[in-house]
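Enquirer: Can you read through this structure? Questions will come right after.
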Amino acid sequence: MTRSAWIATEPIDLPAMLTSVSGPTHGAVASFVGQVRDHDPEASGEVVALRYTCHPDAQAFIEQIVAATCAEHDPEGAASVAATHRIGDLDVGDLALVVVVGSAHRDLAFTLCRAVVEAIKFTLPVWKQQFEADGSHAWSGLSC
């Protein structure tokens, strides 16, 4: 099955990602769509925009994360997976992280989708600068 993982500087094309994991053998498609919200526990006020930056090797990291997670949770390679994390300047409502998984059955699709999301959030060297309505800003995710 197909595996793709990307660091993107342009808006994420959700319909294209869903199509990339769909097919006649896949009865289930699970997805996670993470979008920029107007609040955050680490922000002191309303969040109006984000800037994501990443390690220069982030593309290789996300590819490794998806491959390792698939090897652990789908050793037979039965599922198709696509994952994209966007970097750059994003507004509230913009898509920041999308993971989609197509498989014959829902259990593998849900399990693998969640595992990929968690692995990306935990290990991908991407950092978030939040801009607030009052003009202040704060960094988040610096522990990666």
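Identifiers in the structure tokens: chain A, B, ... in order shown; residue index from 1 per chain; ligand index from 1 in order shown.
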Give me the residues within 10 Å of Thr25 of chain A as a ChimeraX atom specification, counting only C-alpha atoms and dropping any in the same chain fewer than 4 places off.

Expert: /A:78-79,102-105

Enquirer: Using DSSP on the backbone coordinates, identify all residues within chain A classified as alpha helix (DSSP H); present the result as a PyMOL selection string.

Expert: chain A and resi 14-20+58-73+106-123

Enquirer: Using C-alpha atoms, can you export the residues from the last selection as a short mmCIF file (atom, residue, chain, number, x, y, z; two decimals), in the first residue's frame?

Expert:
```
data_model
loop_
_atom_site.label_atom_id
_atom_site.label_comp_id
_atom_site.auth_asym_id
_atom_site.auth_seq_id
_atom_site.Cartn_x
_atom_site.Cartn_y
_atom_site.Cartn_z
CA LEU A 14 -7.51 17.46 2.31
CA PRO A 15 -9.58 16.04 -0.60
CA ALA A 16 -6.39 15.00 -2.41
CA MET A 17 -5.05 13.33 0.72
CA LEU A 18 -8.30 11.41 1.22
CA THR A 19 -8.21 10.29 -2.40
CA SER A 20 -4.61 9.11 -2.00
CA ALA A 58 12.01 17.60 9.21
CA GLN A 59 11.05 15.99 5.89
CA ALA A 60 13.28 13.01 6.62
CA PHE A 61 11.98 12.87 10.20
CA ILE A 62 8.31 12.73 9.18
CA GLU A 63 9.06 10.03 6.61
CA GLN A 64 10.85 7.97 9.28
CA ILE A 65 8.04 8.52 11.78
CA VAL A 66 5.39 7.27 9.35
CA ALA A 67 7.53 4.30 8.27
CA ALA A 68 8.33 3.24 11.84
CA THR A 69 4.75 3.64 13.02
CA CYS A 70 3.44 1.63 10.08
CA ALA A 71 6.04 -1.09 10.69
CA GLU A 72 4.87 -1.36 14.29
CA HIS A 73 1.10 -1.20 13.79
CA ARG A 106 -11.92 0.36 10.62
CA ASP A 107 -9.87 -1.02 13.52
CA LEU A 108 -6.57 -0.78 11.66
CA ALA A 109 -7.50 2.59 10.14
CA PHE A 110 -8.34 4.14 13.54
CA THR A 111 -5.38 2.55 15.34
CA LEU A 112 -2.82 3.52 12.73
CA CYS A 113 -4.21 7.04 12.30
CA ARG A 114 -3.98 7.74 16.02
CA ALA A 115 -0.52 6.19 16.31
CA VAL A 116 0.84 8.30 13.44
CA VAL A 117 -0.66 11.49 14.87
CA GLU A 118 0.78 10.81 18.34
CA ALA A 119 4.22 9.92 16.96
CA ILE A 120 4.32 13.09 14.86
CA LYS A 121 3.18 15.29 17.75
CA PHE A 122 5.70 13.68 20.10
CA THR A 123 8.83 13.48 17.90
#
```

Enquirer: For atom CA of Ala96 of chain A and atom CA of Gly27 of chain A, determine how far apart the two atoms are, in Å to one decimal place.

Expert: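 About the pair atom CA of Ala96 of chain A and atom CA of Gly27 of chain A: they are 26.4 Å apart.
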
Enquirer: Please determine, counting only C-alpha atoms, which residue among A:Leu124, A:Ala82, A:Ala138, A:Leu97 has the shortest atom-to-atom distance to Ser44 of chain A.

Expert: A:Ala138

Enquirer: When you count only C-alpha atoms, which of these residues is closest to Asp91 of chain A: A:Val48, A:His55, A:Phe131, A:Pro41?

Expert: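 Of all the options, A:Val48 lies closest to Asp91 of chain A.
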
Enquirer: As a compact mmCIF listing (two decimals) with N, CA, C and O atoms, in the first residue's frame, please: every residue in segment 8-109 of chain A that a backbone DSSP assignment puts in strand (DSSP E).

Expert:
```
# COMPACT_ATOMS: atom_id res chain seq x y z
N ALA A 8 4.85 20.64 4.44
CA ALA A 8 4.30 21.48 3.37
C ALA A 8 4.40 22.95 3.74
O ALA A 8 4.22 23.33 4.90
N ALA A 28 -12.50 1.36 4.88
CA ALA A 28 -12.46 2.34 5.96
C ALA A 28 -11.39 3.38 5.67
O ALA A 28 -10.29 3.05 5.22
N VAL A 29 -11.73 4.63 5.92
CA VAL A 29 -10.75 5.72 5.87
C VAL A 29 -10.92 6.51 7.16
O VAL A 29 -12.00 7.03 7.44
N ALA A 30 -9.85 6.55 7.95
CA ALA A 30 -9.85 7.32 9.19
C ALA A 30 -8.99 8.55 8.98
O ALA A 30 -8.00 8.51 8.25
N SER A 31 -9.38 9.65 9.62
CA SER A 31 -8.62 10.88 9.42
C SER A 31 -8.50 11.67 10.71
O SER A 31 -9.35 11.60 11.59
N PHE A 32 -7.41 12.43 10.77
CA PHE A 32 -7.22 13.44 11.81
C PHE A 32 -6.93 14.73 11.07
O PHE A 32 -6.03 14.78 10.23
N VAL A 33 -7.68 15.77 11.38
CA VAL A 33 -7.48 17.08 10.78
C VAL A 33 -7.25 18.07 11.91
O VAL A 33 -8.17 18.40 12.65
N GLY A 34 -6.00 18.48 12.07
CA GLY A 34 -5.66 19.46 13.09
C GLY A 34 -5.62 20.84 12.48
O GLY A 34 -4.93 21.06 11.48
N GLN A 35 -6.39 21.74 13.03
CA GLN A 35 -6.44 23.09 12.47
C GLN A 35 -6.12 24.11 13.55
O GLN A 35 -6.24 23.84 14.75
N VAL A 47 -5.62 33.75 20.36
CA VAL A 47 -4.63 33.45 19.34
C VAL A 47 -5.20 33.87 17.99
O VAL A 47 -6.33 33.50 17.65
N VAL A 48 -4.44 34.66 17.22
CA VAL A 48 -4.93 35.13 15.92
C VAL A 48 -4.16 34.51 14.75
O VAL A 48 -4.64 34.55 13.62
N ALA A 49 -2.98 33.95 15.01
CA ALA A 49 -2.19 33.34 13.94
C ALA A 49 -1.08 32.51 14.57
O ALA A 49 -0.75 32.66 15.74
N LEU A 50 -0.50 31.64 13.75
CA LEU A 50 0.64 30.81 14.16
C LEU A 50 1.72 30.87 13.11
O LEU A 50 1.45 31.09 11.92
N ARG A 51 2.93 30.64 13.55
CA ARG A 51 4.04 30.42 12.63
C ARG A 51 4.71 29.12 13.06
O ARG A 51 5.21 29.01 14.17
N TYR A 52 4.70 28.13 12.16
CA TYR A 52 5.39 26.88 12.41
C TYR A 52 6.75 26.92 11.74
O TYR A 52 6.85 27.28 10.56
N THR A 53 7.78 26.57 12.49
CA THR A 53 9.12 26.40 11.93
C THR A 53 9.57 24.98 12.24
O THR A 53 9.01 24.31 13.11
N CYS A 54 10.59 24.53 11.51
CA CYS A 54 11.00 23.14 11.71
C CYS A 54 12.51 22.99 11.53
O CYS A 54 13.18 23.86 10.98
N SER A 80 -2.99 2.15 3.65
CA SER A 80 -2.37 3.29 2.96
C SER A 80 -2.40 4.48 3.92
O SER A 80 -3.41 4.70 4.59
N VAL A 81 -1.30 5.22 3.97
CA VAL A 81 -1.17 6.32 4.94
C VAL A 81 -0.64 7.56 4.24
O VAL A 81 0.29 7.47 3.43
N ALA A 82 -1.22 8.70 4.57
CA ALA A 82 -0.70 9.99 4.12
C ALA A 82 -0.71 10.93 5.32
O ALA A 82 -1.70 11.01 6.05
N ALA A 83 0.42 11.62 5.51
CA ALA A 83 0.54 12.56 6.63
C ALA A 83 1.23 13.82 6.13
O ALA A 83 2.23 13.74 5.43
N THR A 84 0.69 14.97 6.51
CA THR A 84 1.27 16.25 6.12
C THR A 84 1.23 17.20 7.30
O THR A 84 0.18 17.37 7.93
N HIS A 85 2.38 17.81 7.59
CA HIS A 85 2.44 18.88 8.59
C HIS A 85 2.84 20.15 7.85
O HIS A 85 3.83 20.16 7.12
N ARG A 86 2.08 21.18 8.03
CA ARG A 86 2.36 22.45 7.36
C ARG A 86 3.28 23.32 8.22
O ARG A 86 3.19 23.30 9.46
N GLY A 88 5.22 27.44 8.28
CA GLY A 88 5.03 28.79 7.77
C GLY A 88 3.95 29.51 8.56
O GLY A 88 3.62 29.12 9.69
N ASP A 89 3.39 30.55 7.97
CA ASP A 89 2.38 31.38 8.63
C ASP A 89 0.99 30.83 8.36
O ASP A 89 0.61 30.65 7.20
N LEU A 90 0.24 30.58 9.43
CA LEU A 90 -1.11 30.04 9.33
C LEU A 90 -2.07 30.92 10.12
O LEU A 90 -1.71 31.46 11.17
N ASP A 91 -3.28 31.03 9.62
CA ASP A 91 -4.34 31.77 10.28
C ASP A 91 -5.27 30.81 11.02
O ASP A 91 -5.28 29.60 10.73
N LEU A 95 -5.43 24.44 8.12
CA LEU A 95 -5.04 23.08 8.47
C LEU A 95 -3.54 23.05 8.76
O LEU A 95 -2.73 23.51 7.96
N ALA A 96 -3.17 22.46 9.91
CA ALA A 96 -1.78 22.39 10.32
C ALA A 96 -1.21 20.98 10.21
O ALA A 96 -0.07 20.79 9.82
N LEU A 97 -2.00 19.98 10.57
CA LEU A 97 -1.57 18.58 10.52
C LEU A 97 -2.74 17.74 10.05
O LEU A 97 -3.83 17.81 10.63
N VAL A 98 -2.50 16.95 9.01
CA VAL A 98 -3.52 16.03 8.52
C VAL A 98 -2.89 14.65 8.37
O VAL A 98 -1.81 14.51 7.79
N VAL A 99 -3.58 13.65 8.93
CA VAL A 99 -3.19 12.26 8.76
C VAL A 99 -4.42 11.50 8.31
O VAL A 99 -5.49 11.62 8.94
N VAL A 100 -4.29 10.75 7.23
CA VAL A 100 -5.39 9.93 6.74
C VAL A 100 -4.88 8.51 6.51
O VAL A 100 -3.75 8.31 6.06
N VAL A 101 -5.73 7.55 6.83
CA VAL A 101 -5.36 6.14 6.70
C VAL A 101 -6.52 5.39 6.07
O VAL A 101 -7.66 5.49 6.53
N GLY A 102 -6.23 4.65 5.03
CA GLY A 102 -7.22 3.79 4.40
C GLY A 102 -6.83 2.33 4.61
O GLY A 102 -5.66 1.97 4.48
N SER A 103 -7.81 1.51 4.99
CA SER A 103 -7.55 0.08 5.17
C SER A 103 -8.85 -0.69 4.91
O SER A 103 -9.92 -0.10 4.77
```
